[in-house]
file data_31.cif (mmCIF, C-alpha atoms and all ligand atoms)
data_model
loop_
_atom_site.label_atom_id
_atom_site.label_comp_id
_atom_site.auth_asym_id
_atom_site.auth_seq_id
_atom_site.Cartn_x
_atom_site.Cartn_y
_atom_site.Cartn_z
CA MET A 330 25.22 7.93 -2.64
CA ALA A 331 25.32 4.37 -3.96
CA VAL A 332 24.31 5.53 -7.43
CA ASP A 333 27.21 8.00 -7.64
CA LYS A 334 30.01 7.05 -10.01
CA ILE A 335 33.20 5.74 -8.46
CA ARG A 336 35.84 8.40 -9.05
CA VAL A 337 39.23 6.93 -9.85
CA LEU A 338 42.69 8.50 -9.93
CA ILE A 339 45.47 6.60 -11.73
CA VAL A 340 49.05 7.09 -10.47
CA ASP A 341 51.77 5.53 -12.65
CA ASP A 342 54.98 6.84 -14.20
CA ILE A 343 54.58 4.86 -17.44
CA ALA A 344 52.25 6.52 -19.95
CA GLU A 345 51.38 3.21 -21.57
CA THR A 346 50.19 1.68 -18.28
CA ARG A 347 48.07 4.75 -17.52
CA GLU A 348 46.48 4.51 -20.95
CA ASN A 349 45.86 0.74 -20.72
CA VAL A 350 44.17 1.05 -17.37
CA ARG A 351 42.05 3.94 -18.60
CA LYS A 352 40.95 1.84 -21.58
CA LEU A 353 40.00 -1.07 -19.36
CA LEU A 354 37.75 1.25 -17.36
CA GLN A 355 36.22 3.36 -20.11
CA PHE A 356 33.17 1.17 -20.68
CA GLU A 357 32.27 0.84 -17.01
CA ALA A 358 29.15 2.97 -16.54
CA ASP A 359 29.67 3.51 -12.81
CA VAL A 360 33.41 4.18 -12.89
CA GLU A 361 34.93 7.49 -13.92
CA VAL A 362 38.64 8.21 -14.27
CA VAL A 363 38.93 11.73 -12.88
CA GLY A 364 42.67 12.12 -13.39
CA THR A 365 46.08 10.59 -13.96
CA ALA A 366 49.33 11.40 -12.16
CA ARG A 367 52.86 10.54 -13.26
CA THR A 368 54.71 10.55 -9.97
CA GLY A 369 54.09 9.86 -6.29
CA LYS A 370 54.21 13.59 -5.55
CA GLU A 371 51.64 14.38 -8.23
CA GLY A 372 49.51 11.51 -6.93
CA ILE A 373 49.42 13.03 -3.43
CA GLN A 374 48.61 16.46 -4.82
CA PHE A 375 45.88 15.25 -7.21
CA ALA A 376 44.31 13.10 -4.51
CA LEU A 377 43.84 16.25 -2.45
CA GLU A 378 42.55 18.33 -5.36
CA MET A 379 40.31 15.80 -7.05
CA ASN A 380 39.12 13.94 -3.99
CA PRO A 381 38.68 10.58 -5.75
CA ASP A 382 37.08 7.50 -4.17
CA VAL A 383 39.81 5.15 -5.35
CA VAL A 384 43.48 5.63 -6.23
CA LEU A 385 45.19 3.02 -8.44
CA MET A 386 48.80 3.26 -7.34
CA ASP A 387 52.04 2.01 -8.89
CA ILE A 388 54.95 1.20 -6.53
CA ASN A 389 58.17 2.14 -8.33
CA MET A 390 58.11 5.76 -9.33
CA PRO A 391 60.85 8.39 -9.76
CA ASP A 392 60.26 10.78 -6.83
CA ILE A 393 58.07 9.40 -4.06
CA ASP A 394 57.39 5.67 -4.24
CA GLY A 395 53.83 4.29 -4.24
CA ILE A 396 53.94 2.99 -0.69
CA THR A 397 54.99 6.31 0.83
CA ALA A 398 52.42 8.11 -1.36
CA THR A 399 49.73 5.68 -0.15
CA GLU A 400 50.62 6.38 3.44
CA THR A 401 50.32 10.16 2.92
CA ILE A 402 47.04 9.93 1.02
CA CYS A 403 45.45 7.63 3.60
CA ARG A 404 46.47 9.99 6.38
CA GLN A 405 45.23 13.12 4.58
CA SER A 406 41.96 11.68 3.33
CA PRO A 407 41.01 8.56 5.27
CA HIS A 408 37.96 7.88 3.07
CA ILE A 409 40.11 7.45 -0.10
CA GLN A 410 40.82 3.78 -0.83
CA VAL A 411 44.14 2.89 -2.47
CA VAL A 412 44.55 -0.16 -4.71
CA ILE A 413 48.19 -0.98 -5.43
CA LEU A 414 49.04 -2.04 -8.97
CA SER A 415 52.55 -3.35 -9.27
CA VAL A 416 54.82 -5.72 -11.14
CA GLN A 417 56.15 -6.89 -7.81
CA GLY A 418 54.14 -9.92 -6.84
CA ASP A 419 56.32 -10.06 -3.76
CA GLN A 420 54.63 -10.79 -0.38
CA ASN A 421 56.88 -8.31 1.33
CA TYR A 422 55.65 -5.45 -0.86
CA MET A 423 52.09 -6.49 -0.32
CA ARG A 424 52.53 -6.43 3.45
CA ARG A 425 54.13 -2.99 3.37
CA ALA A 426 51.40 -1.68 1.09
CA MET A 427 48.68 -2.93 3.41
CA LEU A 428 50.45 -1.42 6.42
CA ALA A 429 50.60 1.89 4.56
CA GLY A 430 46.80 1.74 4.33
CA ALA A 431 46.25 0.22 0.87
CA ARG A 432 42.94 -1.58 0.47
CA ASP A 433 43.93 -4.06 -2.23
CA PHE A 434 46.93 -5.30 -4.20
CA LEU A 435 46.90 -6.35 -7.87
CA THR A 436 49.78 -7.48 -10.08
CA LYS A 437 50.41 -5.88 -13.45
CA PRO A 438 49.05 -6.18 -16.00
CA PRO A 439 45.72 -6.59 -14.23
CA MET A 440 42.92 -8.64 -15.76
CA GLY A 441 39.94 -6.43 -16.68
CA ASP A 442 37.44 -8.23 -14.41
CA GLU A 443 39.81 -8.40 -11.52
CA LEU A 444 40.57 -4.68 -11.74
CA ILE A 445 36.93 -3.66 -12.03
CA SER A 446 35.76 -5.73 -9.09
CA ALA A 447 38.62 -4.41 -6.94
CA ILE A 448 37.63 -0.85 -7.88
CA LYS A 449 33.97 -1.49 -7.12
CA ARG A 450 34.77 -2.99 -3.73
CA ALA A 451 37.05 -0.09 -2.85
CA GLY A 452 34.58 2.46 -4.25
CA LYS A 453 31.77 1.15 -2.09
CA MET A 454 34.00 1.35 0.94
CA ALA A 455 35.06 4.92 0.12
CA GLN A 456 31.47 6.03 -0.20
CA GLU A 457 30.55 4.40 3.12
CA GLU A 458 33.50 6.08 4.80
CA ARG A 459 32.47 9.42 3.33
CA GLU A 460 28.92 9.04 4.65
CA LYS A 461 30.23 8.09 8.07
CA GLY A 462 32.46 11.15 8.04
CA ALA A 463 29.56 13.39 7.03
CA LYS A 464 27.38 12.07 9.85
CA GLN A 465 30.12 12.63 12.41
CA GLN A 466 30.57 16.13 11.04
CA MET A 467 26.85 16.79 11.49
CA VAL A 468 26.93 15.72 15.12
CA MET A 469 30.06 17.80 15.75
CA THR A 470 28.42 20.88 14.19
CA SER A 471 25.34 20.48 16.28
CA ILE A 472 27.43 20.12 19.42
CA SER A 473 29.49 23.21 18.77
CA GLY A 474 26.97 25.30 16.82
CA GLY A 475 23.83 24.25 18.67
CA ALA A 476 21.85 25.99 21.34
CA PRO A 477 23.59 27.25 24.46
CA GLY A 478 23.82 25.27 27.67
CA MET A 479 24.18 21.90 26.04
CA SER A 480 26.44 20.36 28.63
CA GLY A 481 26.15 16.60 28.63
CA PHE A 482 24.89 16.66 25.08
CA SER A 483 27.89 14.77 23.80
CA ALA A 484 26.81 11.78 25.87
CA MET A 485 23.61 11.71 23.84
CA PRO A 486 24.47 12.51 20.25
CA GLN A 487 21.00 11.98 18.83
CA GLY A 488 17.96 13.24 20.74
CA LYS A 489 14.96 10.97 21.21
CA ILE A 490 11.57 11.67 19.73
CA ILE A 491 8.74 10.85 22.13
CA VAL A 492 5.28 10.99 20.59
CA VAL A 493 2.38 11.18 23.05
CA TYR A 494 -0.76 9.80 21.44
CA SER A 495 -4.25 8.87 22.50
CA PRO A 496 -6.73 7.32 20.08
CA LYS A 497 -9.59 8.87 22.08
CA GLY A 498 -9.98 12.63 22.43
CA GLY A 499 -9.94 14.29 25.83
CA THR A 500 -8.05 11.53 27.66
CA GLY A 501 -5.30 13.91 28.77
CA CYS A 502 -2.80 13.66 25.93
CA THR A 503 -1.82 17.34 26.07
CA THR A 504 -1.79 17.39 29.86
CA ILE A 505 0.67 14.49 29.80
CA ALA A 506 2.81 15.83 26.93
CA VAL A 507 3.29 19.22 28.59
CA ASN A 508 4.05 17.88 32.05
CA LEU A 509 6.19 15.05 30.71
CA ALA A 510 8.35 17.49 28.73
CA ILE A 511 8.94 19.45 31.94
CA ALA A 512 9.78 16.26 33.85
CA LEU A 513 12.27 15.13 31.20
CA HIS A 514 13.95 18.53 30.94
CA ASN A 515 17.10 19.38 32.85
CA GLU A 516 20.46 20.97 32.11
CA ASP A 517 21.81 17.72 30.71
CA THR A 518 18.74 16.60 28.84
CA ARG A 519 17.28 19.67 27.24
CA THR A 520 13.76 19.15 25.99
CA VAL A 521 11.59 20.73 23.35
CA LEU A 522 7.84 20.24 23.16
CA VAL A 523 6.23 20.26 19.73
CA ASP A 524 2.51 20.67 19.16
CA GLY A 525 1.55 18.14 16.50
CA ASN A 526 -2.14 18.90 16.78
CA LEU A 527 -1.95 21.37 13.92
CA GLN A 528 -5.64 22.30 13.81
CA PHE A 529 -6.60 22.71 17.43
CA GLY A 530 -3.29 22.52 19.24
CA ASP A 531 -3.41 24.01 22.71
CA VAL A 532 0.07 23.40 24.07
CA ALA A 533 0.79 27.15 24.07
CA VAL A 534 -2.39 27.76 26.09
CA PHE A 535 -1.35 25.16 28.67
CA VAL A 536 1.73 27.27 29.39
CA ASN A 537 0.08 30.65 28.85
CA GLU A 538 2.32 31.56 25.91
CA GLN A 539 -0.22 31.95 23.14
CA GLY A 540 0.06 34.49 20.33
CA LYS A 541 3.73 33.93 19.53
CA ASN A 542 5.65 32.30 16.68
CA THR A 543 4.43 28.94 15.48
CA ILE A 544 5.48 26.07 13.26
CA VAL A 545 4.02 27.98 10.30
CA ASP A 546 7.00 30.35 10.62
CA ILE A 547 9.52 27.51 10.13
CA ALA A 548 7.77 25.09 7.77
CA PRO A 549 8.66 26.97 4.56
CA ARG A 550 12.31 27.21 5.65
CA VAL A 551 12.95 23.55 6.43
CA GLU A 552 15.48 23.19 3.65
CA ASP A 553 17.86 25.71 5.16
CA LEU A 554 17.26 25.52 8.87
CA ASP A 555 19.93 26.47 11.32
CA SER A 556 19.96 26.57 15.09
CA ASP A 557 19.55 30.36 15.13
CA ILE A 558 16.34 30.28 13.10
CA ILE A 559 14.93 27.52 15.28
CA GLU A 560 15.93 29.19 18.54
CA ASP A 561 14.27 32.41 17.34
CA ILE A 562 10.97 30.74 16.67
CA LEU A 563 10.75 28.43 19.65
CA ILE A 564 8.88 29.76 22.66
CA LYS A 565 11.11 29.92 25.72
CA HIS A 566 9.08 28.84 28.69
CA GLN A 567 10.93 30.66 31.44
CA ALA A 568 9.35 28.92 34.41
CA SER A 569 10.38 25.43 33.31
CA GLY A 570 13.23 26.01 30.83
CA ILE A 571 11.64 23.92 28.08
CA ARG A 572 11.31 25.20 24.51
CA ILE A 573 8.00 24.96 22.68
CA LEU A 574 7.10 24.85 19.02
CA ALA A 575 3.48 25.95 18.93
CA ALA A 576 0.73 24.89 16.54
CA PRO A 577 -0.62 27.37 13.97
CA GLN A 578 -2.79 30.18 15.35
CA LYS A 579 -5.74 29.20 13.16
CA PRO A 580 -7.07 25.76 12.22
CA GLU A 581 -7.11 26.66 8.53
CA HIS A 582 -3.34 27.17 8.65
CA ALA A 583 -2.74 23.51 9.51
CA GLU A 584 -2.46 22.66 5.83
CA LYS A 585 0.51 25.01 5.47
CA VAL A 586 2.63 22.35 7.17
CA SER A 587 3.28 19.13 5.26
CA ALA A 588 4.24 15.81 6.82
CA ASP A 589 7.62 16.09 5.14
CA GLN A 590 8.25 19.55 6.61
CA PHE A 591 7.13 18.39 10.04
CA THR A 592 9.47 15.41 9.89
CA LYS A 593 12.40 17.60 8.89
CA VAL A 594 11.75 19.99 11.77
CA LEU A 595 11.70 17.09 14.23
CA GLN A 596 14.90 15.67 12.78
CA PHE A 597 16.60 19.01 13.03
CA MET A 598 15.61 19.47 16.65
CA GLN A 599 16.82 15.98 17.46
CA ARG A 600 20.30 17.31 16.85
CA SER A 601 20.19 19.93 19.60
CA TYR A 602 17.73 18.54 22.14
CA SER A 603 17.91 15.29 24.09
CA TYR A 604 14.14 14.89 24.00
CA VAL A 605 11.69 16.08 21.41
CA VAL A 606 8.23 15.51 22.92
CA VAL A 607 5.36 15.66 20.42
CA ASP A 608 1.74 16.22 21.43
CA THR A 609 -0.84 14.90 18.96
CA SER A 610 -4.53 14.88 18.19
CA SER A 611 -6.48 11.63 18.28
CA ILE A 612 -7.23 12.06 14.57
CA LEU A 613 -4.40 10.37 12.71
CA THR A 614 -3.20 12.93 10.20
CA GLU A 615 -0.30 12.36 7.80
CA VAL A 616 1.76 14.63 10.05
CA ILE A 617 1.04 12.50 13.11
CA LEU A 618 1.60 9.22 11.29
CA SER A 619 4.98 10.35 10.08
CA ALA A 620 5.93 11.57 13.55
CA ILE A 621 4.95 8.16 14.95
CA ASP A 622 7.00 6.48 12.27
CA LEU A 623 10.04 8.59 13.09
CA SER A 624 9.67 8.41 16.87
CA ASP A 625 11.80 6.42 19.26
CA VAL A 626 9.05 5.91 21.81
CA ILE A 627 5.26 6.24 21.46
CA VAL A 628 3.46 6.94 24.71
CA LEU A 629 0.03 5.46 24.08
CA ILE A 630 -2.59 6.74 26.47
CA THR A 631 -5.74 5.03 27.59
CA THR A 632 -8.15 5.55 30.43
CA GLN A 633 -10.36 3.07 32.24
CA GLU A 634 -13.23 3.81 29.87
CA ILE A 635 -14.29 1.07 27.49
CA PRO A 636 -14.26 3.28 24.35
CA ALA A 637 -10.68 4.38 25.09
CA ILE A 638 -9.61 0.76 25.63
CA LYS A 639 -11.34 -0.33 22.43
CA ASN A 640 -9.51 2.39 20.47
CA SER A 641 -6.22 1.40 22.07
CA ARG A 642 -6.71 -2.10 20.75
CA LEU A 643 -7.32 -0.69 17.27
CA ILE A 644 -4.26 1.51 17.37
CA LEU A 645 -2.03 -1.29 18.67
CA ASP A 646 -3.13 -3.34 15.65
CA LEU A 647 -2.44 -0.45 13.32
CA LEU A 648 1.01 0.22 14.79
CA ASN A 649 1.78 -3.45 14.37
CA THR A 650 0.73 -3.29 10.73
CA MET A 651 2.95 -0.23 10.30
CA GLY A 652 5.85 -2.41 11.40
CA ILE A 653 6.44 -0.54 14.67
CA ASN A 654 8.32 -2.69 17.15
CA LYS A 655 6.18 -3.37 20.22
CA ASP A 656 9.02 -2.27 22.50
CA ARG A 657 8.73 1.25 21.14
CA ILE A 658 5.19 1.56 22.51
CA LEU A 659 4.90 2.58 26.14
CA PHE A 660 1.33 2.02 27.22
CA ALA A 661 0.12 4.41 29.93
CA MET A 662 -3.15 4.79 31.78
CA ASN A 663 -4.34 8.26 32.71
CA ARG A 664 -7.13 9.37 35.04
CA TYR A 665 -6.74 6.16 36.99
CA ASP A 666 -9.30 5.72 39.74
CA LYS A 667 -8.70 2.74 41.97
CA ARG A 668 -12.39 2.43 42.79
CA ILE A 669 -13.04 1.33 39.24
CA ALA A 670 -12.61 -2.39 38.67
CA ILE A 671 -10.94 -2.04 35.27
CA THR A 672 -7.33 -2.18 36.48
CA PRO A 673 -4.16 -1.46 34.47
CA GLU A 674 -3.22 -5.15 34.85
CA ARG A 675 -6.49 -6.31 33.35
CA VAL A 676 -6.24 -3.85 30.47
CA GLY A 677 -2.66 -4.95 29.84
CA GLU A 678 -3.63 -8.61 29.78
CA ASN A 679 -6.60 -7.97 27.59
CA LEU A 680 -4.65 -5.98 25.02
CA LYS A 681 -1.52 -8.14 25.37
CA HIS A 682 0.53 -5.05 26.04
CA GLU A 683 1.56 -4.22 29.56
CA VAL A 684 0.50 -0.87 31.03
CA SER A 685 3.86 0.54 32.15
CA ALA A 686 2.78 3.81 33.75
CA VAL A 687 -0.29 4.89 35.65
CA ILE A 688 -1.29 8.51 36.31
CA PRO A 689 -4.01 8.90 38.90
CA PHE A 690 -7.20 10.86 38.50
CA ASP A 691 -7.15 14.23 40.20
CA GLU A 692 -10.24 16.34 40.05
CA LYS A 693 -8.63 19.68 40.92
CA ILE A 694 -4.96 19.94 40.00
CA PRO A 695 -4.90 19.45 36.19
CA LEU A 696 -7.94 21.61 35.59
CA ALA A 697 -6.65 24.44 37.77
CA ALA A 698 -3.23 24.16 36.12
CA VAL A 699 -4.56 24.53 32.62
CA ASN A 700 -6.83 27.40 33.56
CA ARG A 701 -3.94 29.28 35.17
CA GLY A 702 -1.54 28.33 32.41
CA ILE A 703 0.92 26.89 34.93
CA PRO A 704 1.68 23.17 34.40
CA PHE A 705 1.30 21.19 37.61
CA MET A 706 4.81 19.76 37.31
CA LEU A 707 6.03 23.19 38.37
CA ASP A 708 4.09 23.54 41.61
CA ASN A 709 2.50 20.19 42.38
CA LYS A 710 5.03 17.58 41.41
CA SER A 711 4.97 15.89 44.78
CA GLN A 712 1.24 15.23 44.54
CA PRO A 713 0.17 11.78 43.28
CA ILE A 714 -0.55 13.13 39.78
CA GLY A 715 2.92 14.72 39.63
CA ARG A 716 4.55 11.53 40.89
CA GLY A 717 2.68 9.66 38.17
CA ILE A 718 4.27 11.91 35.55
CA LEU A 719 7.72 11.51 37.13
CA ALA A 720 7.33 7.74 37.02
CA LEU A 721 6.29 7.96 33.37
CA ALA A 722 9.42 10.05 32.63
CA GLU A 723 11.53 7.41 34.38
CA SER A 724 9.93 4.61 32.36
CA ILE A 725 10.72 6.55 29.18
CA ARG A 726 14.35 7.04 30.16
CA ALA A 727 14.64 3.33 30.94
CA ARG A 728 12.94 2.37 27.70
CA VAL A 729 15.26 4.58 25.66
CA ILE A 730 18.29 2.91 27.25
CA ALA A 731 16.84 -0.57 26.68
CA LEU A 732 16.08 0.20 23.03
CA GLU A 733 19.59 1.58 22.53
CA SER A 734 21.26 -1.53 23.89
CA GLU A 735 18.88 -3.69 21.83
CA ASN A 736 19.98 -1.77 18.72
CA GLU A 737 23.64 -2.04 19.64
CA SER A 738 23.49 -5.77 20.19
CA SER A 739 21.54 -6.35 16.98
CA SER A 740 24.05 -4.30 14.97
CA ALA A 741 26.92 -6.15 16.69
CA ARG A 742 25.32 -9.46 15.61
CA ARG A 743 25.16 -8.16 12.03
N1 LIG B 801 -5.07 12.63 35.49
C1 LIG B 801 -6.10 13.44 35.31
N2 LIG B 801 -7.05 13.55 36.23
C2 LIG B 801 -8.11 14.36 36.04
N3 LIG B 801 -8.29 15.12 34.97
C3 LIG B 801 -7.37 15.06 34.02
C4 LIG B 801 -6.23 14.23 34.13
N4 LIG B 801 -5.49 14.39 33.00
C5 LIG B 801 -6.13 15.29 32.24
N5 LIG B 801 -7.27 15.69 32.84
C6 LIG B 801 -8.24 16.66 32.33
O1 LIG B 801 -8.84 16.13 31.16
C7 LIG B 801 -9.20 17.16 30.28
C8 LIG B 801 -8.63 16.86 28.91
O2 LIG B 801 -7.22 16.93 28.96
P1 LIG B 801 -6.33 17.23 27.71
O3 LIG B 801 -6.73 18.47 27.03
O4 LIG B 801 -4.92 17.11 28.19
O5 LIG B 801 -6.72 15.98 26.82
P2 LIG B 801 -6.39 15.69 25.27
O6 LIG B 801 -6.36 14.23 25.13
O7 LIG B 801 -5.20 16.44 24.88
O8 LIG B 801 -7.65 16.32 24.57
P3 LIG B 801 -7.85 16.67 23.01
O9 LIG B 801 -8.31 15.42 22.38
O10 LIG B 801 -8.87 17.77 23.05
O11 LIG B 801 -6.53 17.14 22.49
C9 LIG B 801 -8.66 18.44 30.89
O12 LIG B 801 -9.70 19.09 31.55
C10 LIG B 801 -7.64 17.97 31.90
O13 LIG B 801 -7.51 18.85 32.97
MG MG B 802 -4.83 17.74 23.30
#
call {"tool": "encode", "arguments": {"input": "data_31.cif", "output": "structure tokens", "more": "lines below"}}
Ligand SMILES: Nc1ncnc2c1ncn2[C@@H]1O[C@H](COP(=O)(O)OP(=O)(O)OP(=O)(O)O)[C@@H](O)[C@H]1O
Ligand SMILES: [Mg+2]
result
Amino acid sequence: MAVDKIRVLIVDDIAETRENVRKLLQFEADVEVVGTARTGKEGIQFALEMNPDVVLMDINMPDIDGITATETICRQSPHIQVVILSVQGDQNYMRRAMLAGARDFLTKPPMGDELISAIKRAGKMAQEEREKGAKQQMVMTSISGGAPGMSGFSAMPQGKIIVVYSPKGGTGCTTIAVNLAIALHNEDTRTVLVDGNLQFGDVAVFVNEQGKNTIVDIAPRVEDLDSDIIEDILIKHQASGIRILAAPQKPEHAEKVSADQFTKVLQFMQRSYSYVVVDTSSILTEVILSAIDLSDVIVLITTQEIPAIKNSRLILDLLNTMGINKDRILFAMNRYDKRIAITPERVGENLKHEVSAVIPFDEKIPLAAVNRGIPFMLDNKSQPIGRGILALAESIRARVIALESENESSSARR
């Protein structure tokens, strides 16, 4: 956006003034005069048709005066910035012009430098306003055109990406991702679960929904995604209500999905779902690294085993090097057995990162759940393992709120 030329419309009833101003601007590489108007009426009309960034506006004109024209233009197209150019150096005019919505006020004949810097300032502002408008539009479209049943969505305009990652295989990453997605999902916070383990992803198996559409069916279409395409391809898990984007059916198809495509799919889903939970493999692929980069919260899983703890230390260092704020990492311990002396507190102290959630070891429930293809959050959520997942979901909700207020206060300070 910033490299786009600033589009200028000149409104003045005197031909000579229009020509002089045009000449002053003709050698500016990033300014383009897109039109000239001779009256206030024409100015209003051309502003609508040409959609300039900046309007240079005279005050005294035959039909509609410059101040009234400014008012109309600012109301019609709030992103357009008007700079008044007038012989009247009068304070009263200036005040009226500003009240009408003008951004700046220059006296005629303007000095070249003065005019150009006023146009550049106004142009930058117009482009920022345009971008803001476009973003709002995007959110509005996703609210009205998004998936059904999105009540409460407006309270959460941008969904949160939660990446579940363990640097050691077999620690329960998928078990946690699947059950966490179910715990986070409700009518107000709709959740989609994405399998980021593109080679050997087994999310679909965990919910007994294998053999359906996968991410390979969307990846080539990322440039023109719409909610209908996405909704068609996502697996609808009836028992829980969550949606699932499954991994490719065959490991050799993993390479059909690039990191860029994966990122775009996540970003798209962020617009219609409150939570986008991503399961990962312990091998750090480009796809997983970019998901981590994009994520709001990374749930980092360890167990009480020394190799898992050692790898957690390595990954915490790596995330730090990647510039990931420590607050975005929620450290969790799975398969916790209180008979083992390596406690969450000790691990937290040792790695200088507090363990914020603990999921107990259960020898029967998770294994039976995966073999039946029925996640335990559906039928065993009151058991200790289920309560562990609920507590993890609560910590995530709290962390998301804390990060949001941190962001708000840091942007307020700026
Ligand atoms: N809290 C727990 N208590 C006991 N067993 C568990 C627990 N969590 C997961 N498991 C079991 O650990 C095994 C591995 O789980 P899972 O497949 O979720 O791990 P993973 O980290 O995703 O593995 P992979 O690296 O293969 O993707 C499964 O048999 C699962 O039932
Ligand atoms: Mg797994």
call {"tool": "residues_near_point", "arguments": {"input": "data_31.cif", "point": "(4.8, 27.2, 15.2)", "cutoff": "6 Å", "atoms": "only C-alpha atoms", "output": "PyMOL selection string"}}
result
chain A and resi 542-546+574-577
call {"tool": "atom_distance", "arguments": {"input": "data_31.cif", "atom1": "atom CA of A:Glu692", "atom2": "atom CA of A:Ile564"}}
result
29.1 Å
call {"tool": "closest_atom_pairs", "arguments": {"input": "data_31.cif", "of": "chain A", "to": "ligand MG 802 (chain B)", "cutoff": "8 Å", "atoms": "all atoms listed in the file", "output": "CSV"}}
result
residue,atom,partner,partner_atom,distance
A:Gly498,CA,B:MG802,MG,7.3
A:Gly499,CA,B:MG802,MG,6.7
A:Gly501,CA,B:MG802,MG,6.7
A:Cys502,CA,B:MG802,MG,5.3
A:Thr503,CA,B:MG802,MG,4.1
A:Thr504,CA,B:MG802,MG,7.2
A:Asn526,CA,B:MG802,MG,7.1
A:Phe529,CA,B:MG802,MG,7.9
A:Gly530,CA,B:MG802,MG,6.5
A:Asp531,CA,B:MG802,MG,6.5
A:Val532,CA,B:MG802,MG,7.5
A:Asp608,CA,B:MG802,MG,7.0
A:Thr609,CA,B:MG802,MG,6.5
A:Ser610,CA,B:MG802,MG,5.9
call {"tool": "atom_distance", "arguments": {"input": "data_31.cif", "atom1": "atom CA of A:Ile658", "atom2": "atom CA of A:Ser624"}}
result
9.9 Å
call {"tool": "residues_around", "arguments": {"input": "data_31.cif", "residues": "A:Val616", "least_positions_apart": "2", "cutoff": "9 Å", "atoms": "all atoms listed in the file", "output": "list in words"}}
result
Gly525, Asn526, Leu527, Val586, Ser587, Ala588, Asp589, Gln590, Phe591, Thr592, Leu613, Thr614, Leu618, Ser619, Ala620 and Ile621 of chain A
